[in-house]
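> Dropping in coords-v1.csv, which is CSV, C-alpha atoms and all ligand atoms:
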```csv
chain,number,residue,atom,x,y,z
N,1,MET,CA,101.3,96.4,116.0
N,2,PHE,CA,104.2,94.1,116.7
N,3,VAL,CA,107.2,93.1,114.6
N,4,CYS,CA,107.3,89.6,113.0
N,5,ALA,CA,110.1,87.8,111.1
N,6,GLY,CA,109.6,85.6,108.0
N,7,PHE,CA,110.8,84.7,104.5
N,8,ALA,CA,109.4,86.6,101.5
N,9,ALA,CA,109.9,87.1,97.8
N,10,GLN,CA,110.5,90.8,96.7
N,11,SER,CA,109.7,90.1,93.0
N,12,ALA,CA,108.6,87.3,90.6
N,13,ASP,CA,112.2,86.4,89.8
N,14,ASP,CA,113.5,86.7,93.3
N,15,THR,CA,114.2,83.8,95.7
N,16,LEU,CA,112.7,84.0,99.2
N,17,GLY,CA,114.8,85.7,101.9
N,18,PRO,CA,114.6,87.0,105.4
N,19,PHE,CA,111.9,89.7,105.8
N,20,SER,CA,110.6,91.6,108.8
N,21,PHE,CA,107.1,93.2,108.9
N,22,ASN,CA,104.3,94.4,111.2
N,23,ARG,CA,101.2,92.5,112.2
N,24,ARG,CA,98.2,93.9,113.9
N,25,ASP,CA,97.7,93.4,117.7
N,26,PRO,CA,94.9,91.0,118.3
N,27,GLY,CA,91.5,92.7,118.2
N,28,PRO,CA,88.5,91.5,120.4
N,29,LYS,CA,87.8,88.5,118.2
N,30,ASP,CA,91.4,87.7,117.2
N,31,ILE,CA,93.8,85.1,118.2
N,32,GLN,CA,97.6,85.5,118.1
N,33,ILE,CA,99.4,82.3,117.2
N,34,GLU,CA,103.1,81.4,117.5
N,35,ILE,CA,103.7,79.3,114.4
N,36,LEU,CA,105.4,75.9,114.9
N,37,TYR,CA,105.1,74.4,111.4
N,38,CYS,CA,104.0,75.5,108.0
N,39,GLY,CA,103.5,73.2,105.0
N,40,VAL,CA,104.9,74.2,101.6
N,41,CYS,CA,102.1,74.1,98.9
N,42,HIS,CA,102.8,74.3,95.2
N,43,SER,CA,100.4,77.3,95.3
N,44,ASP,CA,103.0,79.1,97.4
N,45,LEU,CA,105.4,78.7,94.5
N,46,HIS,CA,102.9,79.8,91.8
N,47,GLN,CA,102.1,82.9,93.9
N,48,ALA,CA,105.7,83.8,94.8
N,49,ARG,CA,106.6,83.7,91.1
N,50,ASN,CA,103.5,85.5,90.0
N,51,GLU,CA,102.4,82.5,87.8
N,52,TRP,CA,98.7,83.5,88.5
N,53,HIS,CA,99.4,87.1,87.5
N,54,ASN,CA,98.0,88.7,90.7
N,55,THR,CA,100.9,88.7,93.2
N,56,VAL,CA,101.5,91.8,95.4
N,57,TYR,CA,105.1,92.1,96.5
N,58,PRO,CA,106.6,91.5,99.0
N,59,CYS,CA,105.0,88.1,98.9
N,60,LEU,CA,105.2,86.0,102.1
N,61,PRO,CA,103.5,82.7,101.4
N,62,GLY,CA,102.3,79.8,103.7
N,63,HIS,CA,98.7,78.6,104.3
N,64,GLU,CA,99.2,75.3,106.1
N,65,ILE,CA,99.8,76.7,109.5
N,66,ILE,CA,100.0,74.9,112.9
N,67,GLY,CA,100.9,76.8,116.1
N,68,ARG,CA,100.1,77.6,119.7
N,69,VAL,CA,97.8,80.4,120.9
N,70,THR,CA,99.8,83.1,122.7
N,71,LYS,CA,97.1,85.8,123.1
N,72,THR,CA,93.4,86.0,122.8
N,73,GLY,CA,91.1,89.0,122.3
N,74,ALA,CA,88.5,89.8,125.0
N,75,GLU,CA,85.5,88.3,123.0
N,76,VAL,CA,87.3,85.1,121.9
N,77,THR,CA,85.3,82.0,123.2
N,78,ARG,CA,86.8,79.0,121.5
N,79,PHE,CA,90.5,79.2,122.2
N,80,LYS,CA,92.7,80.0,125.2
N,81,GLN,CA,96.4,80.6,125.6
N,82,GLY,CA,98.4,77.5,125.1
N,83,ASP,CA,95.9,75.7,122.8
N,84,LEU,CA,97.0,74.3,119.5
N,85,ALA,CA,95.5,76.1,116.5
N,86,GLY,CA,95.5,75.8,112.7
N,87,VAL,CA,95.0,78.3,109.9
N,88,GLY,CA,94.5,77.3,106.3
N,89,CYS,CA,94.0,79.3,103.1
N,90,MET,CA,91.4,81.8,104.3
N,91,VAL,CA,91.5,84.4,107.1
N,92,ASP,CA,88.1,86.0,106.4
N,93,SER,CA,85.1,86.2,104.1
N,94,CYS,CA,82.0,88.4,103.9
N,95,ARG,CA,80.0,85.9,106.1
N,96,THR,CA,76.7,87.1,104.7
N,97,CYS,CA,76.4,85.9,101.1
N,98,ALA,CA,74.6,82.6,100.2
N,99,SER,CA,77.9,80.6,100.0
N,100,CYS,CA,79.2,81.9,103.4
N,101,ARG,CA,75.9,81.1,105.0
N,102,GLU,CA,76.1,77.6,103.7
N,103,GLY,CA,79.6,77.2,105.2
N,104,LEU,CA,81.2,77.4,101.8
N,105,GLU,CA,83.4,80.5,102.5
N,106,GLN,CA,85.9,79.5,99.8
N,107,TYR,CA,83.2,80.4,97.3
N,108,CYS,CA,82.3,83.7,99.0
N,109,GLU,CA,80.6,85.8,96.4
N,110,LYS,CA,82.6,88.8,97.4
N,111,GLY,CA,85.8,86.7,97.4
N,112,PHE,CA,87.4,85.2,100.5
N,113,ASN,CA,90.3,87.0,102.1
N,114,PRO,CA,93.4,84.7,101.6
N,115,THR,CA,96.0,84.1,104.3
N,116,TYR,CA,98.6,85.6,102.0
N,117,ASN,CA,98.3,88.0,99.1
N,118,GLY,CA,95.0,89.2,100.5
N,119,LYS,CA,94.1,92.5,102.3
N,120,GLU,CA,95.1,93.2,105.9
N,121,THR,CA,92.0,94.9,107.0
N,122,VAL,CA,93.1,96.6,110.2
N,123,ILE,CA,96.6,98.0,109.6
N,124,GLY,CA,96.4,98.1,105.8
N,125,GLY,CA,98.6,96.5,103.2
N,126,THR,CA,98.9,92.8,102.2
N,127,THR,CA,98.2,89.7,104.3
N,128,PHE,CA,101.4,87.8,105.0
N,129,GLY,CA,101.3,84.0,105.5
N,130,GLY,CA,102.8,81.2,107.5
N,131,TYR,CA,106.5,81.4,106.6
N,132,SER,CA,106.8,83.5,109.7
N,133,ASN,CA,107.0,83.3,113.5
N,134,ALA,CA,103.5,84.5,114.3
N,135,ILE,CA,100.0,85.3,112.9
N,136,VAL,CA,96.9,87.1,114.1
N,137,VAL,CA,93.5,85.7,112.8
N,138,ASP,CA,89.8,86.1,113.7
N,139,GLU,CA,88.8,83.0,115.7
N,140,ALA,CA,86.0,82.2,113.2
N,141,PHE,CA,88.8,81.2,110.7
N,142,VAL,CA,90.9,79.2,113.1
N,143,LEU,CA,90.7,75.4,113.3
N,144,ARG,CA,91.0,73.2,116.4
N,145,VAL,CA,94.0,70.9,116.0
N,146,PRO,CA,93.8,67.3,117.3
N,147,GLY,CA,96.5,66.6,119.9
N,148,ASN,CA,97.1,63.0,119.1
N,149,LEU,CA,98.8,63.5,115.7
N,150,ASP,CA,102.3,64.5,114.7
N,151,LEU,CA,102.1,68.3,114.2
N,152,ALA,CA,104.5,68.5,111.3
N,153,GLY,CA,102.3,66.0,109.4
N,154,VAL,CA,99.1,67.8,110.4
N,155,ALA,CA,100.1,71.2,108.9
N,156,PRO,CA,99.6,70.1,105.3
N,157,LEU,CA,96.1,68.9,106.1
N,158,LEU,CA,95.1,72.6,106.2
N,159,CYS,CA,95.4,72.9,102.4
N,160,ALA,CA,96.5,69.6,100.7
N,161,GLY,CA,94.2,67.7,103.1
N,162,ILE,CA,91.0,69.7,102.7
N,163,THR,CA,91.5,70.3,99.0
N,164,THR,CA,91.3,66.6,98.3
N,165,TYR,CA,88.9,65.6,101.1
N,166,SER,CA,86.3,68.1,100.0
N,167,PRO,CA,85.8,67.0,96.4
N,168,LEU,CA,86.0,63.3,97.4
N,169,ARG,CA,83.1,64.0,99.8
N,170,HIS,CA,81.2,66.2,97.5
N,171,TRP,CA,81.2,63.6,94.7
N,172,LYS,CA,80.4,60.9,97.3
N,173,VAL,CA,83.4,58.7,96.8
N,174,GLY,CA,83.1,55.4,98.6
N,175,ALA,CA,83.0,51.6,98.6
N,176,GLY,CA,82.1,50.0,95.3
N,177,GLN,CA,83.6,52.8,93.3
N,178,LYS,CA,86.8,52.9,91.2
N,179,VAL,CA,88.5,56.2,91.8
N,180,GLY,CA,91.7,57.7,90.3
N,181,ILE,CA,94.1,60.2,91.8
N,182,VAL,CA,96.4,62.0,89.3
N,183,GLY,CA,99.9,63.0,90.5
N,184,LEU,CA,101.6,61.9,93.7
N,185,GLY,CA,102.7,65.2,95.3
N,186,GLY,CA,101.3,67.0,98.3
N,187,LEU,CA,97.7,67.0,97.2
N,188,GLY,CA,97.9,63.7,95.4
N,189,HIS,CA,99.2,61.7,98.4
N,190,MET,CA,96.5,63.0,100.6
N,191,GLY,CA,93.9,62.2,97.9
N,192,VAL,CA,95.2,58.6,97.8
N,193,LYS,CA,95.0,58.3,101.6
N,194,PHE,CA,91.4,59.7,101.7
N,195,ALA,CA,90.1,57.7,98.7
N,196,HIS,CA,91.5,54.6,100.4
N,197,ALA,CA,90.0,55.5,103.8
N,198,PHE,CA,86.6,56.1,102.2
N,199,GLY,CA,86.7,52.5,100.9
N,200,ALA,CA,87.1,53.2,97.1
N,201,HIS,CA,89.2,51.0,94.8
N,202,THR,CA,92.0,53.6,94.5
N,203,VAL,CA,94.2,54.0,91.4
N,204,LEU,CA,97.2,56.3,91.4
N,205,PHE,CA,98.4,57.9,88.1
N,206,THR,CA,102.0,59.0,88.3
N,207,THR,CA,104.7,60.2,85.8
N,208,SER,CA,107.4,59.0,88.3
N,209,GLU,CA,108.3,55.3,88.1
N,210,SER,CA,110.1,55.7,91.4
N,211,LYS,CA,106.8,56.4,93.2
N,212,VAL,CA,105.0,53.1,92.5
N,213,LYS,CA,106.0,51.4,95.8
N,214,ASP,CA,105.1,54.5,97.9
N,215,GLY,CA,101.8,54.8,96.0
N,216,LYS,CA,100.8,51.4,97.2
N,217,ARG,CA,102.1,52.0,100.7
N,218,LEU,CA,100.0,55.2,100.9
N,219,GLY,CA,96.8,53.3,100.0
N,220,ALA,CA,96.6,52.8,96.2
N,221,ASP,CA,95.2,49.4,95.0
N,222,GLU,CA,96.8,50.0,91.6
N,223,VAL,CA,99.5,52.4,90.2
N,224,VAL,CA,99.5,53.4,86.6
N,225,ILE,CA,102.5,55.0,84.9
N,226,SER,CA,100.6,57.7,82.9
N,227,LYS,CA,103.4,58.0,80.3
N,228,ASN,CA,102.7,54.5,79.2
N,229,PRO,CA,99.8,54.5,76.7
N,230,SER,CA,99.0,50.8,77.0
N,231,GLU,CA,98.7,51.0,80.8
N,232,MET,CA,96.3,53.9,80.3
N,233,ALA,CA,94.3,52.1,77.6
N,234,ALA,CA,93.7,49.1,80.0
N,235,HIS,CA,91.6,51.4,82.2
N,236,ALA,CA,89.4,53.0,79.4
N,237,SER,CA,85.8,53.9,80.4
N,238,SER,CA,86.1,52.3,83.9
N,239,PHE,CA,86.3,55.1,86.5
N,240,ASP,CA,83.5,56.6,88.5
N,241,PHE,CA,85.6,59.6,89.6
N,242,ILE,CA,89.1,61.0,89.0
N,243,LEU,CA,90.8,63.8,91.0
N,244,ASP,CA,93.5,65.6,89.0
N,245,THR,CA,96.1,67.3,91.2
N,246,VAL,CA,98.7,68.1,88.6
N,247,ALA,CA,100.5,71.5,88.8
N,248,GLY,CA,101.9,71.7,85.3
N,249,PRO,CA,100.6,71.3,81.7
N,250,HIS,CA,99.3,67.8,80.8
N,251,GLU,CA,96.6,66.2,78.6
N,252,ILE,CA,93.4,66.1,80.5
N,253,SER,CA,91.5,64.3,77.8
N,254,ARG,CA,93.7,61.2,78.3
N,255,TYR,CA,92.0,61.0,81.8
N,256,LEU,CA,88.5,61.9,80.6
N,257,ASP,CA,88.7,58.9,78.3
N,258,LEU,CA,89.1,56.7,81.4
N,259,LEU,CA,85.7,57.8,82.9
N,260,LYS,CA,82.6,55.6,82.7
N,261,ARG,CA,79.4,57.1,81.3
N,262,ASP,CA,78.4,59.9,83.6
N,263,GLY,CA,81.7,59.8,85.5
N,264,THR,CA,83.4,63.0,86.7
N,265,LEU,CA,86.9,64.3,86.4
N,266,THR,CA,87.6,67.1,89.0
N,267,GLN,CA,90.5,69.4,88.5
N,268,VAL,CA,92.2,70.8,91.7
N,269,GLY,CA,95.7,71.2,90.3
N,270,ALA,CA,96.0,74.8,89.0
N,271,PRO,CA,98.5,75.1,86.1
N,272,GLU,CA,99.5,78.5,85.0
N,273,LYS,CA,98.2,78.2,81.4
N,274,PRO,CA,94.8,77.2,80.0
N,275,MET,CA,94.6,73.5,78.8
N,276,SER,CA,92.4,72.1,76.1
N,277,VAL,CA,89.7,69.5,76.6
N,278,GLU,CA,88.5,67.0,73.9
N,279,ILE,CA,84.8,67.9,73.7
N,280,PHE,CA,83.8,64.6,72.1
N,281,SER,CA,85.2,62.7,75.0
N,282,LEU,CA,82.6,64.5,77.2
N,283,ILE,CA,79.7,64.3,74.7
N,284,PHE,CA,79.8,60.7,73.9
N,285,LYS,CA,79.6,59.4,77.4
N,286,ARG,CA,77.9,62.4,79.1
N,287,ARG,CA,81.1,62.8,81.2
N,288,ASN,CA,81.6,65.7,83.6
N,289,PHE,CA,84.6,68.0,83.9
N,290,ALA,CA,84.6,70.0,87.1
N,291,GLY,CA,86.8,72.0,89.5
N,292,SER,CA,87.0,72.4,93.2
N,293,LEU,CA,88.5,74.9,95.6
N,294,ILE,CA,89.9,74.0,99.0
N,295,GLY,CA,87.0,73.6,101.5
N,296,GLY,CA,84.9,75.6,104.0
N,297,ILE,CA,85.8,76.1,107.6
N,298,ALA,CA,83.3,73.6,109.0
N,299,GLU,CA,84.4,70.9,106.5
N,300,THR,CA,88.1,71.6,107.3
N,301,GLN,CA,87.3,70.9,111.0
N,302,GLU,CA,85.4,67.8,109.9
N,303,MET,CA,88.4,66.7,107.9
N,304,LEU,CA,90.8,67.3,110.8
N,305,ASP,CA,88.6,65.3,113.2
N,306,PHE,CA,88.3,62.5,110.6
N,307,CYS,CA,92.2,62.4,110.4
N,308,ALA,CA,92.4,62.3,114.2
N,309,ALA,CA,89.9,59.4,114.3
N,310,HIS,CA,91.7,57.5,111.5
N,311,ASN,CA,95.3,58.4,112.4
N,312,ILE,CA,95.9,60.2,109.0
N,313,THR,CA,98.6,62.8,108.5
N,314,ALA,CA,100.7,63.9,105.6
N,315,ASP,CA,104.1,62.2,104.9
N,316,VAL,CA,106.4,65.1,105.4
N,317,GLU,CA,110.1,66.0,104.9
N,318,VAL,CA,110.7,68.6,107.6
N,319,ILE,CA,113.0,71.4,106.5
N,320,PRO,CA,114.5,74.6,108.0
N,321,ILE,CA,113.2,77.8,106.4
N,322,GLN,CA,116.7,78.4,105.0
N,323,LYS,CA,116.0,75.5,102.6
N,324,ILE,CA,112.8,76.9,101.1
N,325,ASN,CA,114.3,77.9,97.7
N,326,GLU,CA,115.8,74.4,97.3
N,327,ALA,CA,112.4,72.9,98.3
N,328,TYR,CA,110.7,74.9,95.5
N,329,GLU,CA,113.2,73.6,92.9
N,330,ARG,CA,112.7,70.0,94.1
N,331,MET,CA,108.9,70.5,94.0
N,332,LEU,CA,109.2,71.6,90.3
N,333,ARG,CA,111.1,68.3,89.6
N,334,SER,CA,108.3,66.3,91.3
N,335,ASP,CA,110.9,65.4,93.9
N,336,VAL,CA,108.7,65.8,97.0
N,337,LYS,CA,107.9,63.0,99.4
N,338,TYR,CA,105.3,64.0,99.8
N,339,ARG,CA,105.1,67.5,101.4
N,340,PHE,CA,107.8,69.8,102.7
N,341,THR,CA,107.0,71.2,106.1
N,342,ILE,CA,109.0,74.1,107.6
N,343,ASP,CA,110.0,73.8,111.2
N,344,MET,CA,109.6,77.4,112.2
N,345,SER,CA,112.0,77.3,115.1
N,346,SER,CA,114.7,77.5,112.3
N,347,LEU,CA,113.7,81.2,111.8
N,348,LYS,CA,115.6,82.1,114.9
N,349,GLN,CA,118.9,81.1,113.2
N,350,THR,CA,118.3,83.9,110.6
N,351,ALA,CA,117.6,86.6,113.1
N,401,LIG,P1,103.2,69.1,94.1
N,401,LIG,O1,103.5,68.6,95.5
N,401,LIG,O2,104.2,69.7,93.3
N,401,LIG,O3,102.6,67.8,93.3
N,401,LIG,C1,102.2,67.9,92.0
N,401,LIG,C2,102.4,66.5,91.3
N,401,LIG,O4,101.9,66.5,90.0
N,401,LIG,C3,103.9,66.2,91.1
N,401,LIG,O5,104.5,65.6,92.3
N,401,LIG,C4,103.8,65.2,90.0
N,401,LIG,O6,103.4,63.9,90.5
N,401,LIG,C5,102.7,65.7,89.2
N,401,LIG,N1,103.1,66.6,88.1
N,401,LIG,C6,103.7,67.8,88.2
N,401,LIG,N2,103.8,68.4,87.0
N,401,LIG,C7,103.4,67.5,86.1
N,401,LIG,C8,103.2,67.5,84.7
N,401,LIG,N3,103.6,68.6,83.9
N,401,LIG,N4,102.6,66.5,84.1
N,401,LIG,C9,102.2,65.4,84.8
N,401,LIG,N5,102.3,65.3,86.1
N,401,LIG,C10,102.9,66.4,86.8
N,401,LIG,O7,102.0,70.2,94.1
N,401,LIG,P2,100.7,70.3,95.2
N,401,LIG,O8,101.1,71.2,96.3
N,401,LIG,O9,100.2,69.0,95.4
N,401,LIG,O10,99.7,71.2,94.3
N,401,LIG,C11,99.2,70.7,93.0
N,401,LIG,C12,98.5,71.7,92.3
N,401,LIG,O11,97.2,72.0,93.0
N,401,LIG,C13,99.2,73.1,92.2
N,401,LIG,O12,98.9,73.6,90.9
N,401,LIG,C14,98.5,73.9,93.3
N,401,LIG,O13,98.5,75.3,93.0
N,401,LIG,C15,97.1,73.4,93.2
N,401,LIG,N6,96.2,73.6,94.4
N,401,LIG,C16,94.9,73.8,94.2
N,401,LIG,C17,94.1,74.0,95.2
N,401,LIG,C18,92.6,74.1,95.0
N,401,LIG,O14,91.9,74.6,95.9
N,401,LIG,N7,92.1,73.7,93.9
N,401,LIG,C19,94.6,73.9,96.5
N,401,LIG,C20,95.9,73.7,96.7
N,401,LIG,C21,96.8,73.5,95.6
N,401,LIG,P3,104.0,62.5,89.8
N,401,LIG,O15,105.5,62.5,90.1
N,401,LIG,O16,103.3,61.5,90.6
N,401,LIG,O17,103.6,62.5,88.4
N,402,ZN,ZN,97.7,75.3,99.2
N,403,ZN,ZN,80.5,85.6,101.4
```
Using the file provided, produce a representation of the structure as structure tokens.

Amino acid sequence: MFVCAGFAAQSADDTLGPFSFNRRDPGPKDIQIEILYCGVCHSDLHQARNEWHNTVYPCLPGHEIIGRVTKTGAEVTRFKQGDLAGVGCMVDSCRTCASCREGLEQYCEKGFNPTYNGKETVIGGTTFGGYSNAIVVDEAFVLRVPGNLDLAGVAPLLCAGITTYSPLRHWKVGAGQKVGIVGLGGLGHMGVKFAHAFGAHTVLFTTSESKVKDGKRLGADEVVISKNPSEMAAHASSFDFILDTVAGPHEISRYLDLLKRDGTLTQVGAPEKPMSVEIFSLIFKRRNFAGSLIGGIAETQEMLDFCAAHNITADVEVIPIQKINEAYERMLRSDVKYRFTIDMSSLKQTA
């Protein structure tokens, strides 16, 4: 074991503060990574505040991790000391069920082991995430990181990137289609970039009038202020696909009404409370309402390689870890442009 430093919440109503803890030494198949950057996902906030009612404390979030390999176990074949490496939302899965065998580890039938709030299988206790100076992960769950991109902007690809890339690929979004992205936060701005890169006519739905210009700069062909009923009505029954990234309560049926016959609305935003759906909106146009969870390891690598080839990264505001609680409050006010990324060298100031 070795001692690590990080920031953690001790209870649901606590802010995050300095925390020191043990990690396992790398086993034969493990890689030890010095963390350089970690993105701040809205899921980190949901989990730290127990909004999904399953948090184990202390809770040390962070699953958009970029770093450099410092140690490798004897059986590691894909990484060597000094390589860049990425870790997303998963650090393990059963590897034998049908979903794992298909490369869909996120849907592992025994449940994947999450990067934080999961089970540390070797030394016991809870898994602790990326708001820390180092992490140890089995190489099967570590991604290769392209060297040509800005690393602070690559970190959010490990969750916000793959969570939007995967459903857009699964539902075969591309040229000739009209595609909507709801919410311009961390996930939403990556959704806009990918839908645009895949050649779809991309429409952003936002509640924030101040984000219209940025929405277009990021790749939207049109921006709709969703609070405005007449702007919404102008798009009735016209979309092939809509990806909803909203983190809070909102009326999903207003977006279902915008789908064509047989169109699909996929929910990736994960609000705390159940939301109602207007069933007649589904019935009368045979519309689909679906969900999607991050993406598998192979698809995450495909996404990173796609980003390297097309020069795509997240638009980030780099913060020191000491500003994490302020960043959470700003995220709740939709004041994020468009992902906070923690520069982990700031941890040394806390030591
Ligand atoms: P975020 O950066 O806070 O962005 C969410 C955006 O949604 C906001 O910027 C805002 O955009 C809009 N919004 C927020 N509350 C709203 C409300 N009540 N009504 C209407 N619009 C609202 O969050 P994120 O990191 O992108 O995460 C979004 C959600 O996805 C979270 O619930 C997170 O837990 C979930 N998530 C799911 C997965 C998955 O695998 N399915 C993976 C990662 C994250 P505008 O200002 O443009 O309106
Ligand atoms: Zn996330
Ligand atoms: Zn499995």
> Dump as JSON lines the rows for residues of chain N within 6 Å of ligand ZN 403 (chain N): closest atom pair and distance in Å with one decimal, all atoms listed in the file counted, ordered by chain and rising residue number.

```
{"residue": "N:Ser93", "atom": "CA", "partner": "N:ZN403", "partner_atom": "ZN", "distance": 5.4}
{"residue": "N:Cys94", "atom": "CA", "partner": "N:ZN403", "partner_atom": "ZN", "distance": 4.0}
{"residue": "N:Arg95", "atom": "CA", "partner": "N:ZN403", "partner_atom": "ZN", "distance": 4.7}
{"residue": "N:Thr96", "atom": "CA", "partner": "N:ZN403", "partner_atom": "ZN", "distance": 5.3}
{"residue": "N:Cys97", "atom": "CA", "partner": "N:ZN403", "partner_atom": "ZN", "distance": 4.1}
{"residue": "N:Ser99", "atom": "CA", "partner": "N:ZN403", "partner_atom": "ZN", "distance": 5.8}
{"residue": "N:Cys100", "atom": "CA", "partner": "N:ZN403", "partner_atom": "ZN", "distance": 4.4}
{"residue": "N:Glu105", "atom": "CA", "partner": "N:ZN403", "partner_atom": "ZN", "distance": 6.0}
{"residue": "N:Cys108", "atom": "CA", "partner": "N:ZN403", "partner_atom": "ZN", "distance": 3.6}
{"residue": "N:Glu109", "atom": "CA", "partner": "N:ZN403", "partner_atom": "ZN", "distance": 5.0}
{"residue": "N:Lys110", "atom": "CA", "partner": "N:ZN403", "partner_atom": "ZN", "distance": 5.5}
```
> Within 8 Å of ligand LIG 401 (chain N), which residues show up when you count all atoms listed in the file? List them as an NGL selection string, please.
:N and (40-46 or 159-160 or 163 or 182-189 or 205-209 or 211 or 226 or 245-250 or 267-272 or 291-295 or 331-336 or 338-339)
> Which residues are near Lys71 (chain N)? Cut-off 8 Å, all atoms listed in the file, ignore same chain within fewer than 5 positions. Put them as a compact mmCIF listing (two decimals) with C-alpha atoms, in the coordinates of the input.

```
# COMPACT_ATOMS: atom_id res chain seq x y z
CA PRO N 26 94.90 91.00 118.30
CA ILE N 31 93.80 85.10 118.20
CA GLN N 32 97.60 85.50 118.10
CA ILE N 33 99.40 82.30 117.20
CA LYS N 80 92.70 80.00 125.20
CA GLN N 81 96.40 80.60 125.60
```
> Would you mind telling me which residue in N:Pro229, N:Ser132, N:Glu299, N:Pro274 lies nearest to Phe21 (chain N) when using all atoms listed in the file?
N:Ser132
> Please list as a PDB file with C-alpha atoms, in the frame of the given file every residue within 7 Å of Glu64 (chain N), counting all atoms listed in the file and excluding residues in the same chain fewer than 6 positions away.

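Output below, filename out.pdb:
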```
ATOM      1  CA  CYS N  38     104.000  75.500 108.000  1.00  0.00           C
ATOM      2  CA  GLY N  39     103.500  73.200 105.000  1.00  0.00           C
ATOM      3  CA  VAL N  87      95.000  78.300 109.900  1.00  0.00           C
ATOM      4  CA  GLY N  88      94.500  77.300 106.300  1.00  0.00           C
ATOM      5  CA  ALA N 155     100.100  71.200 108.900  1.00  0.00           C
ATOM      6  CA  PRO N 156      99.600  70.100 105.300  1.00  0.00           C
ATOM      7  CA  LEU N 158      95.100  72.600 106.200  1.00  0.00           C
ATOM      8  CA  CYS N 159      95.400  72.900 102.400  1.00  0.00           C
TER       9      CYS N 159
END
```
> One number please: CA of Ile65 (chain N) to CA of Leu157 (chain N), in Å, one decimal.
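Separation between CA of Ile65 (chain N) and CA of Leu157 (chain N): 9.3 Å.
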> Taking all atoms listed in the file into account, name the residue in N:Pro61, N:Gly6, N:Gly17, N:Gly215 that is nearest to ligand ZN 402 (chain N).
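When distances to ligand ZN 402 (chain N) are compared using all atoms listed in the file, the smallest one comes from N:Pro61.
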> Go ahead and compute the interatomic distance for CA of Thr55 (chain N) and CA of Gly103 (chain N), in Å to one decimal.
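Straight-line distance from CA of Thr55 (chain N) to CA of Gly103 (chain N) works out to 27.0 Å.
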> For Asp30 (chain N), which of N:Val122, N:Ala200, N:Val136, N:Cys59 is the closest residue, counting all atoms listed in the file?
N:Val136
> For each of N:Ala236, N:Pro320, N:Phe19, N:Phe306, take the minimum atom-to-atom distance to Lys285 (chain N), counting only C-alpha atoms, then give the residue where this is smallest.
N:Ala236
> Closest to Ser20 (chain N) among N:Cys89, N:Leu347, N:Ala308, N:Ile252, using all atoms listed in the file?
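Between N:Cys89, N:Leu347, N:Ala308, N:Ile252, the residue approaching Ser20 (chain N) most closely is N:Leu347.
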